[in-house]
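Colleague: I have a structure here, written as structure tokens, and I will follow up with some questions on it.
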Amino acid sequence: MRGFAHLLERLAFTAARNAKLRLLRHYLEQTPDPDRGYALAALTGDLKLRAVTPGLLRGLMAERIDGQLFAMSYDFVGDLAETIALLWDTDRDEDVPLHQAVALLSETGRAGLPSTITAMLDRLGPSQRLAFLKLATGNMRVGLSARMARIALAEMGEPQVKDIEEIWHGLTPPYQPLFDWIAGGTRPEHAALAPFRPVMLSTPVDLDQLRAFDPALYTAEWKWDGIRVQAINDGGTRRLYSRTGEDVGAAFPDLLEALNFDGAVDGELLVRRGLDVAPFGDLQKRLGRKVVGRAMLDSHPASLRVYDAMIWQGRDLRDLPHEERRAILETADFGSERIDLSPLLPFATWDDLAALRADPPSIVIEGVMIKRRDSAYVGGRPRGPWFKWKRDPMVVDAVMLYAQRGHGKRSGFYSDFTFGLWDGEVLVPVGKAYFGFTDEELRELDRFVRNNTTERFGPVRSVAPKLVLEVAFEGLNASPRHKSGVAMRFPRISRIRWDKPAAEADRLQTLKDMIP
Amino acid sequence: MRADQILHPTEAGLYCPPGDFYIDPVRPVPRALITHGHGDHARAGHGAVMATQQTLDIMAIRYGEDFTASRQAAKGVARIGGVQVSFHPAGHILGSAQIAVMPDKGPKIVVSGDYCRAPNPVCASYEPVPCDIFVTEATFGLPVFRHPDPLLEMTRLIASMAEFPERPHLIGAYALGKAQRVIALARQAGIDGPIAIHGALQRLSDYHVEQGIDLGPLVPATAKEVQAQLVIAPPSAFASAWVQRFSDPVIGFASGWMAVRARARQRGVELPLVISDHVDWPQVTQTITDLAPEEVWITHGTEEGLMRWCELQGIASRPLRLVGYEDEPE
């Protein structure tokens with residue numbers, strides 16, 4: 001577990017994605033089975049262990065340390081598991097195999113848990129103690145998604161990310177067959193029904209680029225602003241996957257129940273009330289919930305708008321031309337009112353399509369999708385067969401308020417900016433952006449921050465409110481969690497308005513008026 | 001003579017009326033006794049300064065030869081007015097000392113300044129000095145602070161340098177003491193090649209070498225192309241544009257505070273190294289147990305934790321709440 005503890009520690013302080021991937025890959029390469037498999041599962045949240053409660057841990061400490069000293073320590077450290085890991089008094093530092101710790105946490109009964117945990121903590125050095133306690137409390141928080149784990153795995157051998165995605169959901173920790181396959185062995189068979197299949201993605205396009213193509217060879221449909229999902233009913237096993245292969249079904253039991261067909265389809269998850277598709281913010285309320293209440297199910301009903309089919313009634317359609325798959329869907333019965341087919345848009349020229357795109361019938365449309373009629377369904381992002389032509393982003397002119405130093409390649413540069421809009425005489429922070437500018441512009445922004453700093457708080461500086469940033473964003477939600485009451489989606493800096501006085505920046509009300 | 005007639009806190013620092021001197025005063029005074037050369041303990045502008053020869057040298061390097069009107073190197077037992085004083089190694093940084101204050105009649109007081117009991121290749125080791133009243137720091141005065149073996153921290157640094165061989169590793173370390181200790185530890189851990197240092201470290205590192213401490217090959221980190229993968233700099237450099245010359249660096253920081261993740265995150269550090277020149281909890285409590293003083297006075301830090309411990313042990317303690325000392329000096 002020493003290596004696992006070291007990995008956790010590095011991941012906790014590493015912000016850059018590539019550095020995280022390298023740390024994980026090295027760990028997986030250097031660690032034997034089954035420990036690496038358990039580590040992988042622990043990091044991606046797929047390891048189900050008996051959850052040790054904070055109460056139990058506090059109880060252990062009460063026997064070992066003065067209550068006041070414990071309270072002061074906890075207050076200073078701010079994290080229970082970390083406080084205990086630091087306070088535990090032992091000189092031993094054995095390298096306990098991770099699988100032993102996992103077995104202990106999954107097999108010990110409730111009554112035996114306190115003494116078992118004590119005995120384990122007595123054997124471990126500080127960083128392993130923290131790793132063990134994080135494992136026990138089920139709270140890793142190292143910012144590593146299952147998607148990133150699969151990318152690291154793909155870097156270790158021949159199988160590509162999409163190959164791994166395809167079998168991922170049939171595997172269970174400690175993933176021995178997966179590691180064998182990556183090391184050159186045979187591919188694991190689908191162990192589970194309703195596996196995830198790699199999703200076909202599109203590339204961005206604009207009108208000038210489109211003019212090079214014959215419109216007659218393409219179909220077009222609306223690009224809905226929900227969540228791209230893969231919905232499956234495989235012999236009664238129902239699954240809902242995000243486009244990166246995360247199983248999101250638990251948050252959408254109403255839609256799972258409605259998947260009364262036999263196949264695997266590709267579509268957009270939306271909140272829809274009758275014919276009215278609700279804004280993305282409504283869908284967001286349903287996301288990430290472990291249990292969805294009755295009231296939420298009624299007020300925010302989930303639905304599916306089908307774009308394409310991979311499997312239909314036992315037949316794999318992926319090699320057929322898009323047009324033929326589409327024809328099958330046109331006559332299909334999805335078995336529920338919650339599921340409908342995304343309609344095609346009539347157009348003869350790109351200018352026709354441009355006119356449609358400029359005036360969509362719903363605010364929950366974020367552009368148009370353009371697909372070659374003869375395109376097979378290919379996982380990944382092949383260049384060409386599918387295009388997304390998104391609506392123009394919304395923009396506001398905001399004032400830079402704070403800047404934070406970046407990491408890795410941006411070390412030493414102030415590269416993360418908080419910006420605000422006018423509300424009366426005050427500037428209210430409305431968002432943060434850290435991309436959209438060139439390297440040259442980054443240097444200019446950095447210089448501006450250094451020359452206009454008014455206060456410093458660790459890595460953050462507050463700056464004189466005088467630089468206007470044009471901020472582009474994809475959407476807007478009402479958000480009670482933000483002081484401004486609004487949350488932007490994908491905000492980025494589209495232009496630096498060196499020319500514009502701060503007093504002429506936009507008002508908060510202007511932004512609020514853009515909320516759908 | 002009562003203890004607080006011998007030594008008591010004032011706005012300028014700890015004052016000794018019978019000797020008419022201050023210990024580590026935070027503002028200019030006629031006569032100062034200085035424990036060590038860190039900026040918050042050793043300031044310029046006093047009428048007379050008594051300190052170890054090394055501390056006097058360090059003050060001259062930092063503030064110029066005219067940092068005080070009159071200086072006296074501590075040697076053996078010296079009489080100042082109505083008390084005798086002596087200096088003893090504190091194990092904190094080069095030249096650091098504890099100061100024992102001995103009245104002709106009354107309790108013997110030892111002011112430990114900042115001290116550390118872990119072996120340190122760049123300074124003399126702490127030496128226990130029996131006393132009636134022990135004046136201690138409590139920078140790391142909570143039981144969560146158990147500093148690991150610094151060589152183990154070095155193996156973490158070396159592992160990171162091997163894992164990211166293309167990335168320079170910039171380790172923040174205070175210019176006096178910590179920086180040279182990190183360099184010496186790196187040498188002990190087997191890093192033989194050139195180590196680059198920020199310009200602010202040059203003269204103090206040279207002085208360590210003059211004092212017979214081997215730091216190995218050091219190169220300036222000011223060149224356009226810095227060849228060394230390991231770079232040592234004062235932490236303040238990371239907020240300046242100086243750091244922009246390095247491509248995709250791993251930023252580290254060597255400090256006892258790095259033991260606590262929230263503190264390391266506040267610093268924006270990617271590689272926290274728990275290396276401290278202060279006593280940790282086991283050391284400070286062991287020291288008090290060993291010395292068994294009648295009373296413990298606590299100068300600065302997280303004194304509540306140490307006071308609670310003294311209470312549980314039945315040892316009298318009081319906080320001096322001296323202001324002007326930093327957690328760890330810049």
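Residue numbering restarts at 1 for every chain of the structure tokens, chains are lettered A, B, ... in their displayed order, and ligands are numbered from 1 as they appear.
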Enumerate, in order of chain and increasing residue number, the residues of chain B with an atom no farther than 6 Å from chain A, each with its shortest atom pair and distance in Å to one decimal, counting only C-alpha atoms, as a tab-separated table.
Modeller:
residue	atom	partner	partner_atom	distance
B:Val144	CA	A:Leu87	CA	4.8
B:Val243	CA	A:Gly412	CA	5.3
B:Gln244	CA	A:Gly412	CA	5.2
B:Asp248	CA	A:Lys409	CA	3.9
B:Pro249	CA	A:Gly408	CA	5.8
B:Glu270	CA	A:Phe13	CA	4.9
Colleague: Which residues, written as a ChimeraX atom specification, have at least one atom at most 10 Å from A:Arg50, with only C-alpha atoms counted and residues fewer than 4 positions away on the same chain left out?
Modeller: /A:102,104-110,113,135-138
Colleague: Can you spit out the residues from that selection as a PDB file, in the first residue's frame, using all heavy atoms?
Modeller:
ATOM      1  N   VAL A 102      -8.032  -4.182   1.631  1.00  0.00           N
ATOM      2  CA  VAL A 102      -9.343  -4.283   1.003  1.00  0.00           C
ATOM      3  C   VAL A 102     -10.129  -5.461   1.597  1.00  0.00           C
ATOM      4  O   VAL A 102     -11.301  -5.329   1.953  1.00  0.00           O
ATOM      5  CB  VAL A 102      -9.198  -4.438  -0.533  1.00  0.00           C
ATOM      6  CG1 VAL A 102     -10.523  -4.836  -1.166  1.00  0.00           C
ATOM      7  CG2 VAL A 102      -8.678  -3.148  -1.153  1.00  0.00           C
ATOM      8  N   LEU A 104      -9.776  -6.809   4.453  1.00  0.00           N
ATOM      9  CA  LEU A 104     -10.126  -6.473   5.822  1.00  0.00           C
ATOM     10  C   LEU A 104     -11.370  -5.592   5.890  1.00  0.00           C
ATOM     11  O   LEU A 104     -12.272  -5.800   6.706  1.00  0.00           O
ATOM     12  CB  LEU A 104      -8.932  -5.718   6.380  1.00  0.00           C
ATOM     13  CG  LEU A 104      -8.719  -5.711   7.852  1.00  0.00           C
ATOM     14  CD1 LEU A 104      -7.342  -6.274   8.121  1.00  0.00           C
ATOM     15  CD2 LEU A 104      -8.783  -4.281   8.303  1.00  0.00           C
ATOM     16  N   LEU A 105     -11.426  -4.615   5.000  1.00  0.00           N
ATOM     17  CA  LEU A 105     -12.548  -3.683   5.037  1.00  0.00           C
ATOM     18  C   LEU A 105     -13.822  -4.287   4.447  1.00  0.00           C
ATOM     19  O   LEU A 105     -14.912  -3.793   4.688  1.00  0.00           O
ATOM     20  CB  LEU A 105     -12.185  -2.389   4.290  1.00  0.00           C
ATOM     21  CG  LEU A 105     -11.194  -1.480   5.023  1.00  0.00           C
ATOM     22  CD1 LEU A 105     -10.715  -0.368   4.109  1.00  0.00           C
ATOM     23  CD2 LEU A 105     -11.814  -0.900   6.283  1.00  0.00           C
ATOM     24  N   SER A 106     -13.676  -5.335   3.629  1.00  0.00           N
ATOM     25  CA  SER A 106     -14.892  -5.896   3.056  1.00  0.00           C
ATOM     26  C   SER A 106     -15.396  -7.095   3.855  1.00  0.00           C
ATOM     27  O   SER A 106     -16.554  -7.447   3.774  1.00  0.00           O
ATOM     28  CB  SER A 106     -14.665  -6.281   1.588  1.00  0.00           C
ATOM     29  OG  SER A 106     -13.502  -7.044   1.455  1.00  0.00           O
ATOM     30  N   GLU A 107     -14.531  -7.703   4.679  1.00  0.00           N
ATOM     31  CA  GLU A 107     -14.929  -8.927   5.370  1.00  0.00           C
ATOM     32  C   GLU A 107     -15.210  -8.746   6.853  1.00  0.00           C
ATOM     33  O   GLU A 107     -15.924  -9.555   7.451  1.00  0.00           O
ATOM     34  CB  GLU A 107     -13.838  -9.997   5.188  1.00  0.00           C
ATOM     35  CG  GLU A 107     -13.785 -10.531   3.772  1.00  0.00           C
ATOM     36  CD  GLU A 107     -12.453 -11.185   3.446  1.00  0.00           C
ATOM     37  OE1 GLU A 107     -11.682 -11.479   4.383  1.00  0.00           O
ATOM     38  OE2 GLU A 107     -12.188 -11.391   2.252  1.00  0.00           O
ATOM     39  N   THR A 108     -14.653  -7.706   7.456  1.00  0.00           N
ATOM     40  CA  THR A 108     -14.825  -7.559   8.901  1.00  0.00           C
ATOM     41  C   THR A 108     -16.249  -7.125   9.243  1.00  0.00           C
ATOM     42  O   THR A 108     -16.795  -6.238   8.602  1.00  0.00           O
ATOM     43  CB  THR A 108     -13.837  -6.502   9.438  1.00  0.00           C
ATOM     44  OG1 THR A 108     -12.546  -6.840   8.978  1.00  0.00           O
ATOM     45  CG2 THR A 108     -13.855  -6.464  10.953  1.00  0.00           C
ATOM     46  N   GLY A 109     -16.831  -7.748  10.249  1.00  0.00           N
ATOM     47  CA  GLY A 109     -18.170  -7.381  10.696  1.00  0.00           C
ATOM     48  C   GLY A 109     -18.145  -6.089  11.487  1.00  0.00           C
ATOM     49  O   GLY A 109     -17.083  -5.627  11.897  1.00  0.00           O
ATOM     50  N   ARG A 110     -19.318  -5.526  11.680  1.00  0.00           N
ATOM     51  CA  ARG A 110     -19.416  -4.239  12.348  1.00  0.00           C
ATOM     52  C   ARG A 110     -18.745  -4.242  13.729  1.00  0.00           C
ATOM     53  O   ARG A 110     -18.018  -3.325  14.077  1.00  0.00           O
ATOM     54  CB  ARG A 110     -20.897  -3.859  12.491  1.00  0.00           C
ATOM     55  CG  ARG A 110     -21.132  -2.460  13.034  1.00  0.00           C
ATOM     56  CD  ARG A 110     -22.616  -2.174  13.139  1.00  0.00           C
ATOM     57  NE  ARG A 110     -23.280  -2.224  11.838  1.00  0.00           N
ATOM     58  CZ  ARG A 110     -23.382  -1.173  11.031  1.00  0.00           C
ATOM     59  NH1 ARG A 110     -22.903  -0.015  11.406  1.00  0.00           N
ATOM     60  NH2 ARG A 110     -23.993  -1.277   9.877  1.00  0.00           N
ATOM     61  N   LEU A 113     -14.920  -4.155  13.689  1.00  0.00           N
ATOM     62  CA  LEU A 113     -14.285  -3.107  12.891  1.00  0.00           C
ATOM     63  C   LEU A 113     -13.319  -2.213  13.692  1.00  0.00           C
ATOM     64  O   LEU A 113     -12.185  -1.994  13.252  1.00  0.00           O
ATOM     65  CB  LEU A 113     -15.373  -2.273  12.197  1.00  0.00           C
ATOM     66  CG  LEU A 113     -15.060  -1.731  10.813  1.00  0.00           C
ATOM     67  CD1 LEU A 113     -14.443  -2.768   9.899  1.00  0.00           C
ATOM     68  CD2 LEU A 113     -16.321  -1.148  10.177  1.00  0.00           C
ATOM     69  N   LEU A 135      -9.540   5.041   2.128  1.00  0.00           N
ATOM     70  CA  LEU A 135     -10.164   3.837   1.585  1.00  0.00           C
ATOM     71  C   LEU A 135     -11.346   3.434   2.467  1.00  0.00           C
ATOM     72  O   LEU A 135     -12.428   3.107   1.986  1.00  0.00           O
ATOM     73  CB  LEU A 135      -9.116   2.720   1.586  1.00  0.00           C
ATOM     74  CG  LEU A 135      -9.250   1.541   0.649  1.00  0.00           C
ATOM     75  CD1 LEU A 135      -9.217   2.012  -0.785  1.00  0.00           C
ATOM     76  CD2 LEU A 135      -8.091   0.569   0.890  1.00  0.00           C
ATOM     77  N   ALA A 136     -11.137   3.506   3.768  1.00  0.00           N
ATOM     78  CA  ALA A 136     -12.154   3.063   4.722  1.00  0.00           C
ATOM     79  C   ALA A 136     -13.365   3.990   4.715  1.00  0.00           C
ATOM     80  O   ALA A 136     -14.497   3.545   4.888  1.00  0.00           O
ATOM     81  CB  ALA A 136     -11.556   2.996   6.124  1.00  0.00           C
ATOM     82  N   THR A 137     -13.114   5.295   4.523  1.00  0.00           N
ATOM     83  CA  THR A 137     -14.240   6.228   4.532  1.00  0.00           C
ATOM     84  C   THR A 137     -14.779   6.433   3.124  1.00  0.00           C
ATOM     85  O   THR A 137     -15.755   7.149   2.927  1.00  0.00           O
ATOM     86  CB  THR A 137     -13.822   7.592   5.128  1.00  0.00           C
ATOM     87  OG1 THR A 137     -12.632   8.034   4.467  1.00  0.00           O
ATOM     88  CG2 THR A 137     -13.534   7.469   6.607  1.00  0.00           C
ATOM     89  N   GLY A 138     -14.164   5.805   2.143  1.00  0.00           N
ATOM     90  CA  GLY A 138     -14.672   5.842   0.769  1.00  0.00           C
ATOM     91  C   GLY A 138     -14.619   7.217   0.150  1.00  0.00           C
ATOM     92  O   GLY A 138     -15.494   7.611  -0.604  1.00  0.00           O
TER      93      GLY A 138
END
Colleague: Can you pull out every residue within 12 Å of A:Asp499, counting only C-alpha atoms, but drop anything in the same chain fewer than 5 positions away, and send it as a count of residues only?
Modeller: 8
Colleague: Check stretch 14-72 of chain A with DSSP on the backbone and list each residue it calls alpha helix (DSSP H), as a ChimeraX atom specification.
Modeller: /A:17-30,35-44,54-62,67-72
Colleague: Between atom CA of A:Arg461 and atom CA of A:Val449, what distance in Å does the model show, to one decimal?
Modeller: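 Separation between atom CA of A:Arg461 and atom CA of A:Val449: 7.7 Å.
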Colleague: Which parts of stretch 27-247 of chain B does DSSP call strand (DSSP E) when run on the backbone here, written out as a ChimeraX atom specification?
Modeller: /B:31-33,46-51,68-73,77-80,83-89,97-103,109-111,133-138,169-172,195-197,218-220,230-233
Colleague: Restricting the calculation to only C-alpha atoms: of A:Ala502, A:Val430, A:Leu40, A:Val291, which residue gets closest to A:Arg481?
Modeller: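 Ranking A:Ala502, A:Val430, A:Leu40, A:Val291 by distance to A:Arg481, first place goes to A:Val430.
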Colleague: Excluding stretch 287-302 of chain B and its own-chain neighbours fewer than 2 positions away, which residues fall within 6 Å of it when counting only C-alpha atoms? Please give them as a PyMOL selection string.
Modeller: chain B and resi 130-139+141+283-285+304+316-322
Colleague: Using only C-alpha atoms, which of A:Glu257, A:Lys20, A:Gly335, A:Asp33 sits nearest A:Pro177?
Modeller: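 Selected residue with least distance to A:Pro177: A:Asp33.
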Colleague: Tell me, as a list in words, which residues lie within 8 Å of stretch 350-358 of chain A, counting only C-alpha atoms; anything in the same chain fewer than 4 positions away does not count.
Modeller: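 Skipping anything fewer than 4 positions along the chain leaves Leu207, Leu210, Arg211, Pro215, Gly367, Val368 and Arg391 of chain A.
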Colleague: Give me, please, the distance in Å between atom CA of A:Leu43 and atom CA of B:Trp257, quoted to one decimal.
Modeller: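 It comes out at 26.5 Å.
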Colleague: Find the spatial neighbours of B:Val226, counting only C-alpha atoms, within a cut-off of 10 Å - ignore same-chain residues fewer than 4 positions away - and output them as a list in words.
Modeller: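 Result of the neighbour search: Pro168, Ile195, Ala196, Ile197, Val219, Pro220, Ala221, Thr222, Leu230, Val231, Arg245 and Phe246 of chain B.
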Colleague: Create the file for the chosen residues now, containing N, CA, C and O atoms and written as a compact mmCIF listing (two decimals), in the first residue's frame.
Modeller:
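File written: result36.txt
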# COMPACT_ATOMS: atom_id res chain seq x y z
N PRO B 168 11.83 20.67 -14.85
CA PRO B 168 12.67 21.16 -13.76
C PRO B 168 11.90 21.11 -12.44
O PRO B 168 10.69 21.34 -12.43
N ILE B 195 23.39 21.73 -8.79
CA ILE B 195 22.08 22.19 -8.32
C ILE B 195 22.04 23.69 -8.58
O ILE B 195 23.01 24.40 -8.26
N ALA B 196 20.95 24.16 -9.17
CA ALA B 196 20.86 25.58 -9.48
C ALA B 196 20.25 26.33 -8.30
O ALA B 196 19.35 25.82 -7.63
N ILE B 197 20.80 27.50 -8.02
CA ILE B 197 20.23 28.31 -6.93
C ILE B 197 19.85 29.69 -7.42
O ILE B 197 20.50 30.28 -8.29
N VAL B 219 25.16 26.08 -9.31
CA VAL B 219 25.19 26.97 -10.47
C VAL B 219 24.06 27.99 -10.33
O VAL B 219 23.05 27.71 -9.69
N PRO B 220 24.27 29.18 -10.90
CA PRO B 220 23.20 30.18 -10.78
C PRO B 220 21.97 29.79 -11.61
O PRO B 220 22.11 29.25 -12.71
N ALA B 221 20.81 30.05 -11.07
CA ALA B 221 19.57 29.77 -11.82
C ALA B 221 19.14 31.00 -12.59
O ALA B 221 17.98 31.13 -12.99
N THR B 222 20.08 31.92 -12.81
CA THR B 222 19.74 33.15 -13.49
C THR B 222 20.04 33.07 -14.98
O THR B 222 19.56 33.88 -15.75
N LEU B 230 17.34 20.25 -10.68
CA LEU B 230 16.93 20.67 -9.34
C LEU B 230 17.32 22.12 -9.12
O LEU B 230 18.47 22.50 -9.31
N VAL B 231 16.33 22.94 -8.77
CA VAL B 231 16.54 24.37 -8.58
C VAL B 231 16.01 24.74 -7.20
O VAL B 231 14.88 24.37 -6.84
N ARG B 245 10.76 31.54 -16.56
CA ARG B 245 11.81 31.05 -17.46
C ARG B 245 11.84 29.53 -17.52
O ARG B 245 12.48 28.94 -18.37
N PHE B 246 11.17 28.87 -16.56
CA PHE B 246 11.20 27.41 -16.53
C PHE B 246 10.00 26.83 -17.26
O PHE B 246 8.89 27.32 -17.11
Colleague: How many Å lie between atom CA of B:Arg62 and atom CA of B:Gly199, rounded to one decimal?
Modeller: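 Pair atom CA of B:Arg62 / atom CA of B:Gly199 returns 13.4 Å.
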Colleague: As a VMD selection string, please: the residues near B:Thr10 (cut-off 12 Å, only C-alpha atoms, same-chain neighbours under 2 positions excluded).
Modeller: chain B and resid 4 7 to 8 12 to 17 21 to 27 29 299 320 to 324
Colleague: B:Leu142, B:Ala3, B:Met102, B:Ala124: which is nearest B:Arg79, counting only C-alpha atoms?
Modeller: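 Ranking B:Leu142, B:Ala3, B:Met102, B:Ala124 by distance to B:Arg79, first place goes to B:Met102.
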Colleague: May I ask which of the residues B:Ala42, B:Ala73, B:Leu215, B:Cys116 is the closest one to B:His278, counting only C-alpha atoms?
Modeller: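 For B:His278, the nearest of the given residues is B:Cys116.
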